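Pasting my_file02.pdb here (PDB, C-alpha atoms):
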```pdb
MODEL        1
ATOM      1  CA  MET V   1      -6.200   8.721  13.547  1.00  0.00           C
ATOM      2  CA  ASN V   2      -4.810   5.212  13.592  1.00  0.00           C
ATOM      3  CA  HIS V   3      -4.180   4.257  10.011  1.00  0.00           C
ATOM      4  CA  VAL V   4      -4.022   0.690   8.871  1.00  0.00           C
ATOM      5  CA  TYR V   5      -1.281  -0.388   6.482  1.00  0.00           C
ATOM      6  CA  GLU V   6      -1.397  -2.985   3.747  1.00  0.00           C
ATOM      7  CA  MET V   7       1.690  -4.872   2.640  1.00  0.00           C
ATOM      8  CA  ARG V   8       1.440  -6.074  -0.948  1.00  0.00           C
ATOM      9  CA  MET V   9       3.988  -8.399  -2.516  1.00  0.00           C
ATOM     10  CA  TYR V  10       3.650  -9.217  -6.209  1.00  0.00           C
ATOM     11  CA  HIS V  11       5.435 -12.193  -7.710  1.00  0.00           C
ATOM     12  CA  ALA V  12       5.791 -11.291 -11.370  1.00  0.00           C
ATOM     13  CA  ALA V  13       5.424 -13.995 -13.993  1.00  0.00           C
ATOM     14  CA  PRO V  14       8.820 -15.123 -15.379  1.00  0.00           C
ATOM     15  CA  GLY V  15      10.227 -12.395 -17.618  1.00  0.00           C
ATOM     16  CA  LYS V  16       7.382 -10.000 -16.769  1.00  0.00           C
ATOM     17  CA  LEU V  17       8.767  -7.983 -13.860  1.00  0.00           C
ATOM     18  CA  ASP V  18       9.697  -5.002 -16.053  1.00  0.00           C
ATOM     19  CA  ALA V  19       6.275  -5.033 -17.690  1.00  0.00           C
ATOM     20  CA  LEU V  20       4.608  -5.164 -14.263  1.00  0.00           C
ATOM     21  CA  ILE V  21       6.700  -2.238 -13.005  1.00  0.00           C
ATOM     22  CA  SER V  22       5.871  -0.288 -16.171  1.00  0.00           C
ATOM     23  CA  ARG V  23       2.168  -0.898 -15.683  1.00  0.00           C
ATOM     24  CA  PHE V  24       2.400   0.605 -12.193  1.00  0.00           C
ATOM     25  CA  ALA V  25       4.476   3.527 -13.467  1.00  0.00           C
ATOM     26  CA  LEU V  26       2.243   4.327 -16.448  1.00  0.00           C
ATOM     27  CA  HIS V  27      -1.220   3.414 -15.176  1.00  0.00           C
ATOM     28  CA  THR V  28      -1.799   1.789 -11.800  1.00  0.00           C
ATOM     29  CA  ASN V  29      -0.114   4.394  -9.623  1.00  0.00           C
ATOM     30  CA  ALA V  30      -2.236   7.199 -11.120  1.00  0.00           C
ATOM     31  CA  LEU V  31      -5.411   5.134 -10.841  1.00  0.00           C
ATOM     32  CA  PHE V  32      -4.621   4.450  -7.185  1.00  0.00           C
ATOM     33  CA  ALA V  33      -4.611   8.209  -6.558  1.00  0.00           C
ATOM     34  CA  ARG V  34      -8.078   8.460  -8.112  1.00  0.00           C
ATOM     35  CA  TYR V  35      -9.407   5.967  -5.540  1.00  0.00           C
ATOM     36  CA  HIS V  36      -7.583   7.241  -2.439  1.00  0.00           C
ATOM     37  CA  LEU V  37      -5.229   4.260  -2.395  1.00  0.00           C
ATOM     38  CA  LYS V  38      -2.061   5.797  -0.942  1.00  0.00           C
ATOM     39  CA  PRO V  39       1.211   3.963  -1.592  1.00  0.00           C
ATOM     40  CA  ILE V  40       3.923   5.167   0.790  1.00  0.00           C
ATOM     41  CA  ALA V  41       6.604   3.529  -1.365  1.00  0.00           C
ATOM     42  CA  TYR V  42       7.261   0.908  -4.043  1.00  0.00           C
ATOM     43  CA  TRP V  43      10.333  -1.290  -3.885  1.00  0.00           C
ATOM     44  CA  VAL V  44      12.152  -3.971  -5.839  1.00  0.00           C
ATOM     45  CA  PRO V  45      14.587  -6.281  -3.977  1.00  0.00           C
ATOM     46  CA  ARG V  46      18.194  -5.772  -5.060  1.00  0.00           C
ATOM     47  CA  GLU V  47      18.648  -9.535  -5.265  1.00  0.00           C
ATOM     48  CA  ASN V  48      15.400 -10.592  -6.805  1.00  0.00           C
ATOM     49  CA  SER V  49      15.298 -14.312  -7.552  1.00  0.00           C
ATOM     50  CA  GLN V  50      11.578 -14.274  -6.709  1.00  0.00           C
ATOM     51  CA  ASN V  51      10.703 -11.529  -9.241  1.00  0.00           C
ATOM     52  CA  LEU V  52       9.159  -9.389  -6.515  1.00  0.00           C
ATOM     53  CA  LEU V  53       7.626  -5.934  -6.510  1.00  0.00           C
ATOM     54  CA  LEU V  54       6.527  -4.705  -3.064  1.00  0.00           C
ATOM     55  CA  TYR V  55       4.566  -1.733  -1.865  1.00  0.00           C
ATOM     56  CA  ILE V  56       2.783  -0.548   1.259  1.00  0.00           C
ATOM     57  CA  LEU V  57      -0.529   1.294   1.212  1.00  0.00           C
ATOM     58  CA  GLU V  58      -1.807   3.546   3.968  1.00  0.00           C
ATOM     59  CA  HIS V  59      -5.574   3.384   4.618  1.00  0.00           C
ATOM     60  CA  ASP V  60      -7.903   5.196   7.005  1.00  0.00           C
ATOM     61  CA  SER V  61      -9.469   1.850   7.969  1.00  0.00           C
ATOM     62  CA  ILE V  62      -9.962  -1.669   6.611  1.00  0.00           C
ATOM     63  CA  GLU V  63     -13.485  -0.699   5.501  1.00  0.00           C
ATOM     64  CA  GLU V  64     -12.089   2.229   3.508  1.00  0.00           C
ATOM     65  CA  ALA V  65      -9.405  -0.053   2.064  1.00  0.00           C
ATOM     66  CA  GLU V  66     -11.904  -2.607   0.766  1.00  0.00           C
ATOM     67  CA  LYS V  67     -14.221   0.096  -0.587  1.00  0.00           C
ATOM     68  CA  ASN V  68     -11.372   1.818  -2.437  1.00  0.00           C
ATOM     69  CA  TRP V  69     -10.071  -1.475  -3.827  1.00  0.00           C
ATOM     70  CA  ALA V  70     -13.551  -2.347  -5.093  1.00  0.00           C
ATOM     71  CA  ASP V  71     -13.875   1.070  -6.781  1.00  0.00           C
ATOM     72  CA  PHE V  72     -10.445   0.648  -8.327  1.00  0.00           C
ATOM     73  CA  ARG V  73     -11.224  -2.811  -9.692  1.00  0.00           C
ATOM     74  CA  ASN V  74     -14.455  -1.507 -11.234  1.00  0.00           C
ATOM     75  CA  ASP V  75     -12.736   1.374 -12.994  1.00  0.00           C
ATOM     76  CA  ALA V  76     -13.220   1.015 -16.762  1.00  0.00           C
ATOM     77  CA  GLU V  77      -9.747   2.389 -17.526  1.00  0.00           C
ATOM     78  CA  TRP V  78      -8.123  -0.141 -15.164  1.00  0.00           C
ATOM     79  CA  GLN V  79     -10.141  -2.992 -16.654  1.00  0.00           C
ATOM     80  CA  LYS V  80      -8.991  -1.979 -20.150  1.00  0.00           C
ATOM     81  CA  VAL V  81      -5.331  -1.638 -19.103  1.00  0.00           C
ATOM     82  CA  LYS V  82      -5.429  -4.964 -17.269  1.00  0.00           C
ATOM     83  CA  ALA V  83      -7.045  -6.780 -20.184  1.00  0.00           C
ATOM     84  CA  GLU V  84      -4.464  -5.413 -22.611  1.00  0.00           C
ATOM     85  CA  THR V  85      -1.386  -5.947 -20.431  1.00  0.00           C
ATOM     86  CA  ASP V  86      -2.453  -9.386 -19.194  1.00  0.00           C
ATOM     87  CA  ALA V  87      -3.498 -10.594 -22.678  1.00  0.00           C
ATOM     88  CA  ASP V  88      -0.351 -12.667 -23.139  1.00  0.00           C
ATOM     89  CA  THR V  89      -0.100 -13.895 -19.544  1.00  0.00           C
ATOM     90  CA  PRO V  90      -1.046 -12.262 -16.223  1.00  0.00           C
ATOM     91  CA  LEU V  91       1.925 -10.047 -15.273  1.00  0.00           C
ATOM     92  CA  ALA V  92       1.473 -10.895 -11.587  1.00  0.00           C
ATOM     93  CA  ALA V  93       1.613 -14.651 -11.074  1.00  0.00           C
ATOM     94  CA  SER V  94       0.590 -14.302  -7.417  1.00  0.00           C
ATOM     95  CA  ILE V  95      -0.055 -11.558  -4.894  1.00  0.00           C
ATOM     96  CA  VAL V  96       0.452 -11.755  -1.134  1.00  0.00           C
ATOM     97  CA  ARG V  97      -1.304  -9.083   0.902  1.00  0.00           C
ATOM     98  CA  TYR V  98      -1.849  -8.499   4.582  1.00  0.00           C
ATOM     99  CA  PHE V  99      -2.994  -5.681   6.826  1.00  0.00           C
ATOM    100  CA  MET V 100      -0.659  -4.384   9.488  1.00  0.00           C
ATOM    101  CA  ASP V 101      -0.802  -1.989  12.420  1.00  0.00           C
ATOM    102  CA  LYS V 102       1.899   0.559  12.864  1.00  0.00           C
ATOM    103  CA  VAL V 103       3.621   0.101  16.210  1.00  0.00           C
ATOM    104  CA  ASP V 104       3.058   3.162  18.403  1.00  0.00           C
ATOM    105  CA  PHE V 105       6.684   4.234  18.756  1.00  0.00           C
ATOM    106  CA  SER V 106       7.167   4.274  15.005  1.00  0.00           C
ATOM    107  CA  ASN V 107       8.678   7.548  13.821  1.00  0.00           C
ATOM    108  CA  PHE V 108       7.287   7.221  10.329  1.00  0.00           C
ATOM    109  CA  GLU V 109       5.248  10.195   9.176  1.00  0.00           C
ATOM    110  CA  SER V 110       3.141   9.821   6.113  1.00  0.00           C
ATOM    111  CA  GLY V 111       4.872  11.080   3.000  1.00  0.00           C
ATOM    112  CA  VAL V 112       7.893  12.489   4.778  1.00  0.00           C
ATOM    113  CA  SER V 113      11.278  11.279   3.645  1.00  0.00           C
ATOM    114  CA  CYS V 114      14.242  11.938   5.884  1.00  0.00           C
ATOM    115  CA  LYS V 115      16.993  12.554   3.416  1.00  0.00           C
ATOM    116  CA  PRO V 116      19.896  14.533   4.812  1.00  0.00           C
TER
ATOM    117  CA  MET S   1      15.703  42.440 -28.968  1.00  0.00           C
ATOM    118  CA  THR S   2      11.914  42.728 -29.099  1.00  0.00           C
ATOM    119  CA  LYS S   3       9.860  42.076 -26.005  1.00  0.00           C
ATOM    120  CA  SER S   4       8.576  38.719 -27.304  1.00  0.00           C
ATOM    121  CA  HIS S   5      12.095  37.594 -28.239  1.00  0.00           C
ATOM    122  CA  PHE S   6      13.335  38.591 -24.814  1.00  0.00           C
ATOM    123  CA  LEU S   7      10.568  36.551 -23.176  1.00  0.00           C
ATOM    124  CA  SER S   8      11.452  33.562 -25.337  1.00  0.00           C
ATOM    125  CA  PHE S   9      15.045  33.902 -24.258  1.00  0.00           C
ATOM    126  CA  LEU S  10      14.005  34.012 -20.584  1.00  0.00           C
ATOM    127  CA  CYS S  11      11.878  30.890 -20.988  1.00  0.00           C
ATOM    128  CA  GLY S  12      14.729  29.075 -22.675  1.00  0.00           C
ATOM    129  CA  ALA S  13      17.145  30.140 -19.960  1.00  0.00           C
ATOM    130  CA  ALA S  14      14.701  28.984 -17.280  1.00  0.00           C
ATOM    131  CA  ALA S  15      14.353  25.629 -19.016  1.00  0.00           C
ATOM    132  CA  VAL S  16      18.129  25.223 -19.211  1.00  0.00           C
ATOM    133  CA  PHE S  17      18.583  26.169 -15.565  1.00  0.00           C
ATOM    134  CA  GLY S  18      15.701  23.883 -14.650  1.00  0.00           C
ATOM    135  CA  VAL S  19      17.341  20.941 -16.392  1.00  0.00           C
ATOM    136  CA  MET S  20      20.685  21.750 -14.761  1.00  0.00           C
ATOM    137  CA  THR S  21      19.081  21.930 -11.330  1.00  0.00           C
ATOM    138  CA  ILE S  22      17.317  18.620 -11.788  1.00  0.00           C
ATOM    139  CA  GLY S  23      20.514  17.017 -13.039  1.00  0.00           C
ATOM    140  CA  GLN S  24      22.485  18.335 -10.088  1.00  0.00           C
ATOM    141  CA  SER S  25      19.943  17.355  -7.480  1.00  0.00           C
ATOM    142  CA  LYS S  26      19.887  13.822  -8.885  1.00  0.00           C
ATOM    143  CA  ALA S  27      23.650  13.645  -8.727  1.00  0.00           C
ATOM    144  CA  GLN S  28      23.696  14.955  -5.148  1.00  0.00           C
ATOM    145  CA  ALA S  29      20.866  12.837  -3.779  1.00  0.00           C
ATOM    146  CA  PRO S  30      20.738   9.389  -5.322  1.00  0.00           C
ATOM    147  CA  ALA S  31      17.816   7.247  -4.241  1.00  0.00           C
ATOM    148  CA  HIS S  32      18.315   5.633  -0.887  1.00  0.00           C
ATOM    149  CA  ILE S  33      18.145   1.903  -0.360  1.00  0.00           C
ATOM    150  CA  TYR S  34      15.677   0.281   1.986  1.00  0.00           C
ATOM    151  CA  GLU S  35      15.942  -2.817   4.131  1.00  0.00           C
ATOM    152  CA  LEU S  36      12.892  -4.870   5.039  1.00  0.00           C
ATOM    153  CA  ARG S  37      13.583  -6.820   8.226  1.00  0.00           C
ATOM    154  CA  THR S  38      11.285  -9.572   9.442  1.00  0.00           C
ATOM    155  CA  TYR S  39      11.540 -11.044  12.950  1.00  0.00           C
ATOM    156  CA  HIS S  40       9.791 -14.192  14.125  1.00  0.00           C
ATOM    157  CA  ALA S  41       9.164 -13.827  17.850  1.00  0.00           C
ATOM    158  CA  THR S  42       9.346 -16.788  20.186  1.00  0.00           C
ATOM    159  CA  PRO S  43       5.762 -17.813  21.109  1.00  0.00           C
ATOM    160  CA  GLY S  44       4.592 -15.589  23.971  1.00  0.00           C
ATOM    161  CA  LYS S  45       7.464 -13.142  23.540  1.00  0.00           C
ATOM    162  CA  LEU S  46       6.234 -10.776  20.832  1.00  0.00           C
ATOM    163  CA  ASP S  47       5.339  -8.149  23.459  1.00  0.00           C
ATOM    164  CA  GLN S  48       8.818  -8.388  24.978  1.00  0.00           C
ATOM    165  CA  LEU S  49      10.404  -8.072  21.546  1.00  0.00           C
ATOM    166  CA  GLU S  50       8.262  -5.017  20.792  1.00  0.00           C
ATOM    167  CA  ALA S  51       9.142  -3.492  24.177  1.00  0.00           C
ATOM    168  CA  ARG S  52      12.858  -4.040  23.551  1.00  0.00           C
ATOM    169  CA  PHE S  53      12.601  -2.100  20.303  1.00  0.00           C
ATOM    170  CA  ARG S  54      10.431   0.621  21.822  1.00  0.00           C
ATOM    171  CA  ASP S  55      12.431   1.180  25.010  1.00  0.00           C
ATOM    172  CA  HIS S  56      15.969   0.570  23.824  1.00  0.00           C
ATOM    173  CA  VAL S  57      16.764  -0.557  20.298  1.00  0.00           C
ATOM    174  CA  ASP S  58      15.028   2.337  18.522  1.00  0.00           C
ATOM    175  CA  GLY S  59      17.247   4.776  20.444  1.00  0.00           C
ATOM    176  CA  LEU S  60      20.387   2.780  19.655  1.00  0.00           C
ATOM    177  CA  PHE S  61      19.382   2.697  15.986  1.00  0.00           C
ATOM    178  CA  ARG S  62      19.208   6.505  15.966  1.00  0.00           C
ATOM    179  CA  LYS S  63      22.619   6.695  17.632  1.00  0.00           C
ATOM    180  CA  HIS S  64      24.064   4.662  14.752  1.00  0.00           C
ATOM    181  CA  ASP S  65      22.181   6.414  11.889  1.00  0.00           C
ATOM    182  CA  LEU S  66      19.892   3.452  11.284  1.00  0.00           C
ATOM    183  CA  HIS S  67      16.781   5.333  10.222  1.00  0.00           C
ATOM    184  CA  VAL S  68      13.596   3.280  10.614  1.00  0.00           C
ATOM    185  CA  ILE S  69      10.675   4.531   8.504  1.00  0.00           C
ATOM    186  CA  GLY S  70       8.181   2.297  10.310  1.00  0.00           C
ATOM    187  CA  TYR S  71       7.623  -0.685  12.591  1.00  0.00           C
ATOM    188  CA  TRP S  72       4.593  -2.849  11.910  1.00  0.00           C
ATOM    189  CA  ILE S  73       2.792  -5.947  13.226  1.00  0.00           C
ATOM    190  CA  PRO S  74       0.456  -7.924  10.930  1.00  0.00           C
ATOM    191  CA  GLN S  75      -3.157  -7.976  12.156  1.00  0.00           C
ATOM    192  CA  ASP S  76      -3.487 -11.702  11.483  1.00  0.00           C
ATOM    193  CA  ASN S  77      -0.235 -12.760  13.072  1.00  0.00           C
ATOM    194  CA  LYS S  78      -0.057 -16.544  13.434  1.00  0.00           C
ATOM    195  CA  GLU S  79       3.674 -16.466  12.818  1.00  0.00           C
ATOM    196  CA  ASN S  80       4.402 -13.871  15.538  1.00  0.00           C
ATOM    197  CA  VAL S  81       5.984 -11.527  13.032  1.00  0.00           C
ATOM    198  CA  PHE S  82       7.437  -8.102  13.745  1.00  0.00           C
ATOM    199  CA  ILE S  83       8.655  -6.100  10.756  1.00  0.00           C
ATOM    200  CA  TYR S  84      10.373  -2.811  10.137  1.00  0.00           C
ATOM    201  CA  ILE S  85      11.981  -0.968   7.250  1.00  0.00           C
ATOM    202  CA  VAL S  86      15.299   0.858   7.509  1.00  0.00           C
ATOM    203  CA  GLU S  87      16.297   3.638   5.114  1.00  0.00           C
ATOM    204  CA  HIS S  88      20.025   3.697   4.290  1.00  0.00           C
ATOM    205  CA  ARG S  89      22.018   6.139   2.148  1.00  0.00           C
ATOM    206  CA  ASN S  90      23.703   3.217   0.390  1.00  0.00           C
ATOM    207  CA  LYS S  91      24.871  -0.335   1.008  1.00  0.00           C
ATOM    208  CA  ALA S  92      28.262   0.699   2.377  1.00  0.00           C
ATOM    209  CA  GLU S  93      26.603   2.958   4.986  1.00  0.00           C
ATOM    210  CA  ALA S  94      24.215   0.146   5.904  1.00  0.00           C
ATOM    211  CA  THR S  95      27.083  -2.278   6.494  1.00  0.00           C
ATOM    212  CA  LYS S  96      29.045   0.295   8.497  1.00  0.00           C
ATOM    213  CA  ASN S  97      26.074   1.324  10.675  1.00  0.00           C
ATOM    214  CA  TRP S  98      24.984  -2.248  11.386  1.00  0.00           C
ATOM    215  CA  ALA S  99      28.534  -3.143  12.417  1.00  0.00           C
ATOM    216  CA  ALA S 100      28.655  -0.128  14.753  1.00  0.00           C
ATOM    217  CA  PHE S 101      25.295  -1.072  16.276  1.00  0.00           C
ATOM    218  CA  LEU S 102      26.259  -4.732  16.762  1.00  0.00           C
ATOM    219  CA  GLY S 103      29.533  -3.637  18.375  1.00  0.00           C
ATOM    220  CA  ASP S 104      27.805  -1.197  20.760  1.00  0.00           C
ATOM    221  CA  ASP S 105      28.291  -2.278  24.390  1.00  0.00           C
ATOM    222  CA  ASP S 106      24.795  -1.044  25.293  1.00  0.00           C
ATOM    223  CA  TRP S 107      23.283  -3.376  22.701  1.00  0.00           C
ATOM    224  CA  LYS S 108      25.387  -6.336  23.861  1.00  0.00           C
ATOM    225  CA  LYS S 109      24.344  -5.732  27.481  1.00  0.00           C
ATOM    226  CA  LEU S 110      20.691  -5.238  26.530  1.00  0.00           C
ATOM    227  CA  ARG S 111      20.641  -8.363  24.414  1.00  0.00           C
ATOM    228  CA  ALA S 112      22.236 -10.500  27.134  1.00  0.00           C
ATOM    229  CA  GLU S 113      19.817  -9.193  29.790  1.00  0.00           C
ATOM    230  CA  SER S 114      16.660  -9.413  27.682  1.00  0.00           C
ATOM    231  CA  GLU S 115      17.488 -12.949  26.536  1.00  0.00           C
ATOM    232  CA  ALA S 116      18.637 -14.280  29.927  1.00  0.00           C
ATOM    233  CA  SER S 117      15.610 -16.584  30.059  1.00  0.00           C
ATOM    234  CA  GLY S 118      15.777 -17.523  26.368  1.00  0.00           C
ATOM    235  CA  PRO S 119      15.921 -15.817  22.973  1.00  0.00           C
ATOM    236  CA  LEU S 120      13.082 -13.482  21.946  1.00  0.00           C
ATOM    237  CA  THR S 121      13.180 -14.754  18.344  1.00  0.00           C
ATOM    238  CA  THR S 122      13.109 -18.250  16.907  1.00  0.00           C
ATOM    239  CA  ARG S 123      15.573 -17.623  14.099  1.00  0.00           C
ATOM    240  CA  ALA S 124      17.887 -15.011  12.642  1.00  0.00           C
ATOM    241  CA  PRO S 125      15.961 -12.030  11.213  1.00  0.00           C
ATOM    242  CA  GLU S 126      15.310 -11.986   7.473  1.00  0.00           C
ATOM    243  CA  SER S 127      16.777  -8.992   5.685  1.00  0.00           C
ATOM    244  CA  ILE S 128      15.871  -7.905   2.170  1.00  0.00           C
ATOM    245  CA  TYR S 129      17.626  -4.915   0.629  1.00  0.00           C
ATOM    246  CA  MET S 130      15.420  -3.068  -1.831  1.00  0.00           C
ATOM    247  CA  ASN S 131      15.613  -0.201  -4.326  1.00  0.00           C
ATOM    248  CA  PRO S 132      12.698   2.225  -4.611  1.00  0.00           C
ATOM    249  CA  THR S 133      11.105   2.371  -8.059  1.00  0.00           C
ATOM    250  CA  ASP S 134      11.318   5.593 -10.095  1.00  0.00           C
ATOM    251  CA  PHE S 135       7.709   6.419  -9.297  1.00  0.00           C
ATOM    252  CA  SER S 136       7.906   5.645  -5.573  1.00  0.00           C
ATOM    253  CA  LYS S 137       6.962   8.528  -3.282  1.00  0.00           C
ATOM    254  CA  LEU S 138       9.726   7.612  -0.848  1.00  0.00           C
ATOM    255  CA  LYS S 139      13.076   7.288  -2.573  1.00  0.00           C
TER
ENDMDL
END
```
Represent the structure contained in this file as structure tokens.
Amino acid sequence: MNHVYEMRMYHAAPGKLDALISRFALHTNALFARYHLKPIAYWVPRENSQNLLLYILEHDSIEEAEKNWADFRNDAEWQKVKAETDADTPLAASIVRYFMDKVDFSNFESGVSCKP
Amino acid sequence: MTKSHFLSFLCGAAAVFGVMTIGQSKAQAPAHIYELRTYHATPGKLDQLEARFRDHVDGLFRKHDLHVIGYWIPQDNKENVFIYIVEHRNKAEATKNWAAFLGDDDWKKLRAESEASGPLTTRAPESIYMNPTDFSKLK
């Protein structure tokens, strides 16, 4: 099956990157699993003047992606967490997302790390 | 020692060994670092750039321990972007392996030949070194 991949880049509000990362660690990542949203990895740039958190999701199709995102956004637990953690100011000031196709010679296999 | 005490002891020992094992494995395998590289292809040359990676560069990367976890092309690609992510053991290894790749005669020859009628990219590639988060599946 040809998966589709989604790049997501979050620009955290000033001073809120740690809180954003914590929200993913404590809540969002688990809620993603509930809705079949599969992050292959989360990263933070080593030099991070833009306050970025990045991750890539693997989807079965764009239709599945949008359905799963809608289910996630409607989840009562997520809505509660978001309301509480964004009460002061939204932790993510802006989000850039785009869908990508994996190039056919890519040697990436889902979930497999190649540590020595 | 009664049976229940003995079982308690075993559980405690298992917990201690478990902690030691986790501690050791962390020490032996620190999280890798990742490099997001973004190329802007010259208009009309994205296919050639992709072919150069597929037919040649990917093999040269393997030769020099540059481990690519994936190559991707955005679906809505007005900017002619080609991206990939390299997994490195650490920054020193990344620097060493990139230097070896750039110094490889096969790469120099390939680059000269494939760019004889003009460069395949409009600017130098962007490179962002990244650390995986604690909860990232890939580390």
task = Kindly provide, as an MDAnalysis selection string, the residues of chain S having any atom no farther than 12 Å from an atom of chain V, counting all atoms listed in the file.
result = chainID S and resid 28:36 47 49:59 61:62 65:77 81:91 127:139
ask   = In Å to one decimal, how far is atom CA of Ile56 of chain V from atom CA of Glu93 of chain S?
value = 24.4 Å
key: the PyMOL selection byres ((chain V and resi 52) around 6) applied to the shown file, residues as a PyMOL selection string   = chain V and resi 10-11+50-51+53
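The interatomic distance for the pair atom CA of Leu37 of chain V and atom CA of Pro14 of chain V works out to 27.2 Å.
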ask   = For the file shown, what are the residues hit by the PyMOL selection byres ((chain V and resi 32) around 12), laid out as an NGL selection string?
value = :V and (24-31 or 33-40 or 57-59 or 65 or 68-73 or 75 or 77-78)
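The space between atom CA of Lys96 of chain S and atom CA of Arg123 of chain S spans 23.1 Å.
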For segment 110-125 of chain S, supply N, CA and C atoms and format the output as a PDB file, in the coordinates of the input.
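Below you can see out05.pdb, which holds the result:
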```
ATOM      1  N   LEU S 110      22.152  -5.136  26.647  1.00  0.00           N
ATOM      2  CA  LEU S 110      20.691  -5.238  26.530  1.00  0.00           C
ATOM      3  C   LEU S 110      20.285  -6.611  26.014  1.00  0.00           C
ATOM      4  N   ARG S 111      20.982  -7.077  25.005  1.00  0.00           N
ATOM      5  CA  ARG S 111      20.641  -8.363  24.414  1.00  0.00           C
ATOM      6  C   ARG S 111      20.818  -9.491  25.433  1.00  0.00           C
ATOM      7  N   ALA S 112      21.964  -9.455  26.144  1.00  0.00           N
ATOM      8  CA  ALA S 112      22.236 -10.500  27.134  1.00  0.00           C
ATOM      9  C   ALA S 112      21.157 -10.496  28.227  1.00  0.00           C
ATOM     10  N   GLU S 113      20.805  -9.290  28.696  1.00  0.00           N
ATOM     11  CA  GLU S 113      19.817  -9.193  29.790  1.00  0.00           C
ATOM     12  C   GLU S 113      18.428  -9.613  29.334  1.00  0.00           C
ATOM     13  N   SER S 114      18.037  -9.150  28.124  1.00  0.00           N
ATOM     14  CA  SER S 114      16.660  -9.413  27.682  1.00  0.00           C
ATOM     15  C   SER S 114      16.483 -10.858  27.226  1.00  0.00           C
ATOM     16  N   GLU S 115      17.601 -11.569  26.978  1.00  0.00           N
ATOM     17  CA  GLU S 115      17.488 -12.949  26.536  1.00  0.00           C
ATOM     18  C   GLU S 115      18.002 -13.932  27.587  1.00  0.00           C
ATOM     19  N   ALA S 116      18.107 -13.437  28.848  1.00  0.00           N
ATOM     20  CA  ALA S 116      18.637 -14.280  29.927  1.00  0.00           C
ATOM     21  C   ALA S 116      17.791 -15.546  30.104  1.00  0.00           C
ATOM     22  N   SER S 117      16.473 -15.400  29.889  1.00  0.00           N
ATOM     23  CA  SER S 117      15.610 -16.584  30.059  1.00  0.00           C
ATOM     24  C   SER S 117      15.236 -17.210  28.719  1.00  0.00           C
ATOM     25  N   GLY S 118      16.025 -16.928  27.687  1.00  0.00           N
ATOM     26  CA  GLY S 118      15.777 -17.523  26.368  1.00  0.00           C
ATOM     27  C   GLY S 118      15.643 -16.457  25.296  1.00  0.00           C
ATOM     28  N   PRO S 119      15.961 -16.812  24.049  1.00  0.00           N
ATOM     29  CA  PRO S 119      15.921 -15.817  22.973  1.00  0.00           C
ATOM     30  C   PRO S 119      14.491 -15.322  22.694  1.00  0.00           C
ATOM     31  N   LEU S 120      14.396 -14.072  22.255  1.00  0.00           N
ATOM     32  CA  LEU S 120      13.082 -13.482  21.946  1.00  0.00           C
ATOM     33  C   LEU S 120      12.624 -13.847  20.538  1.00  0.00           C
ATOM     34  N   THR S 121      13.545 -14.367  19.714  1.00  0.00           N
ATOM     35  CA  THR S 121      13.180 -14.754  18.344  1.00  0.00           C
ATOM     36  C   THR S 121      13.563 -16.210  18.099  1.00  0.00           C
ATOM     37  N   THR S 122      12.881 -16.826  17.158  1.00  0.00           N
ATOM     38  CA  THR S 122      13.109 -18.250  16.907  1.00  0.00           C
ATOM     39  C   THR S 122      14.193 -18.500  15.870  1.00  0.00           C
ATOM     40  N   ARG S 123      14.553 -17.460  15.140  1.00  0.00           N
ATOM     41  CA  ARG S 123      15.573 -17.623  14.099  1.00  0.00           C
ATOM     42  C   ARG S 123      16.193 -16.263  13.796  1.00  0.00           C
ATOM     43  N   ALA S 124      17.261 -16.278  13.018  1.00  0.00           N
ATOM     44  CA  ALA S 124      17.887 -15.011  12.642  1.00  0.00           C
ATOM     45  C   ALA S 124      16.895 -14.187  11.816  1.00  0.00           C
ATOM     46  N   PRO S 125      16.896 -12.863  11.976  1.00  0.00           N
ATOM     47  CA  PRO S 125      15.961 -12.030  11.213  1.00  0.00           C
ATOM     48  C   PRO S 125      16.226 -12.150   9.709  1.00  0.00           C
TER      49      PRO S 125
END
```
